[in-house]
Amino acid sequence: MKNISFFIVGVLLLSGCVPALIAAGLVTGYSLSNASAMGNVKSEYRVLWDVCSDVLEDMEAEVLLVRESQGMIKARISDHNITVKINTISSDSQRLKVSARRNFLPKPQMAQKVFLKIVEDL
């Protein structure tokens with residue numbers, strides 16, 4: 001039984017759940033799907049938008065499309081197509097969704113990496 005517990009804890013540590021728990025004060029309802037990481041972020045739209053732009057710049061992303069009025073940024077980071085989408089829930093709460101694909105295949109690890117970097121920088 002102890003082996004199973006250690007295995008589960010090891011999987012959680014290696015899967016990136018620990019950074020999600022660290023950032024839990026800013027994010028409610030964080031989830032990781034097949035191609036995206038999504039969560040509700042306690043932040044004003046403008047602040048979150050600026051952080052998203054700064055993170056993509058820090059990660060040396062090639063920005064392909066920016067539609068601030070729609071809350072969308074499309075970029076490319078080392079052969080990964082990244083889409084950042086912000087939807088307003090309330091004046092101080094936003095839904096942040098980061099999707100990542102490479103060669104038309106979903107890459108949830110890359111989406112999670114970008115998502116967590118944005119949340120950490122908030």
# chains A, B, ... in the order shown; residues from 1 in each chain; ligands from 1
call {"tool": "residues_around", "arguments": {"residues": "Ser69 in chain A", "least_positions_apart": "4", "cutoff": "12 Å", "atoms": "only C-alpha atoms", "output": "list in words"}}
result
Tyr45, Arg46, Trp49, Ile73, Lys85, Ile86, Asn87 and Thr88 of chain A
call {"tool": "write_last_selection", "arguments": {"atoms": "C-alpha atoms", "output": "mmCIF file, in the first residue's frame"}}
result
data_model
loop_
_atom_site.group_PDB
_atom_site.id
_atom_site.type_symbol
_atom_site.label_atom_id
_atom_site.label_comp_id
_atom_site.auth_asym_id
_atom_site.auth_seq_id
_atom_site.Cartn_x
_atom_site.Cartn_y
_atom_site.Cartn_z
ATOM 1 C CA TYR A 45 -8.198 42.321 -17.457
ATOM 2 C CA ARG A 46 -5.533 44.947 -18.241
ATOM 3 C CA TRP A 49 -3.200 41.078 -20.549
ATOM 4 C CA ILE A 73 -2.848 36.212 -28.550
ATOM 5 C CA LYS A 85 -7.356 33.482 -24.480
ATOM 6 C CA ILE A 86 -8.757 35.739 -21.743
ATOM 7 C CA ASN A 87 -12.496 35.878 -20.998
ATOM 8 C CA THR A 88 -13.843 38.319 -18.432
#
call {"tool": "atom_distance", "arguments": {"atom1": "CA of Leu64 in chain A", "atom2": "CA of Ser31 in chain A"}}
result
25.7 Å
call {"tool": "residues_around", "arguments": {"residues": "Ile82 in chain A", "least_positions_apart": "2", "cutoff": "9 Å", "atoms": "only C-alpha atoms", "output": "NGL selection string"}}
result
:A and (61 or 73-77 or 80 or 84 or 98-102 or 110-111 or 114)
call {"tool": "closest_residue", "arguments": {"among": "A:Lys107, A:Gln112, A:Thr83, A:Asp121", "to": "Val47 in chain A", "atoms": "only C-alpha atoms"}}
result
A:Asp121
call {"tool": "closest_residue", "arguments": {"among": "A:Leu65, A:Gly71, A:Leu32, A:Pro108", "to": "Asp50 in chain A", "atoms": "only C-alpha atoms"}}
result
A:Gly71
call {"tool": "atom_distance", "arguments": {"atom1": "CA of Val119 in chain A", "atom2": "CA of Ile89 in chain A"}}
result
16.8 Å
call {"tool": "closest_residue", "arguments": {"among": "A:Val55, A:Glu68, A:Glu44, A:Asp79", "to": "Phe115 in chain A", "atoms": "only C-alpha atoms"}}
result
A:Val55
call {"tool": "atom_distance", "arguments": {"atom1": "CA of Lys42 in chain A", "atom2": "CA of Asp92 in chain A"}}
result
5.8 Å
call {"tool": "closest_residue", "arguments": {"among": "A:Asn81, A:Ser53, A:Met72, A:Gly39", "to": "Asn103 in chain A", "atoms": "only C-alpha atoms"}}
result
A:Asn81
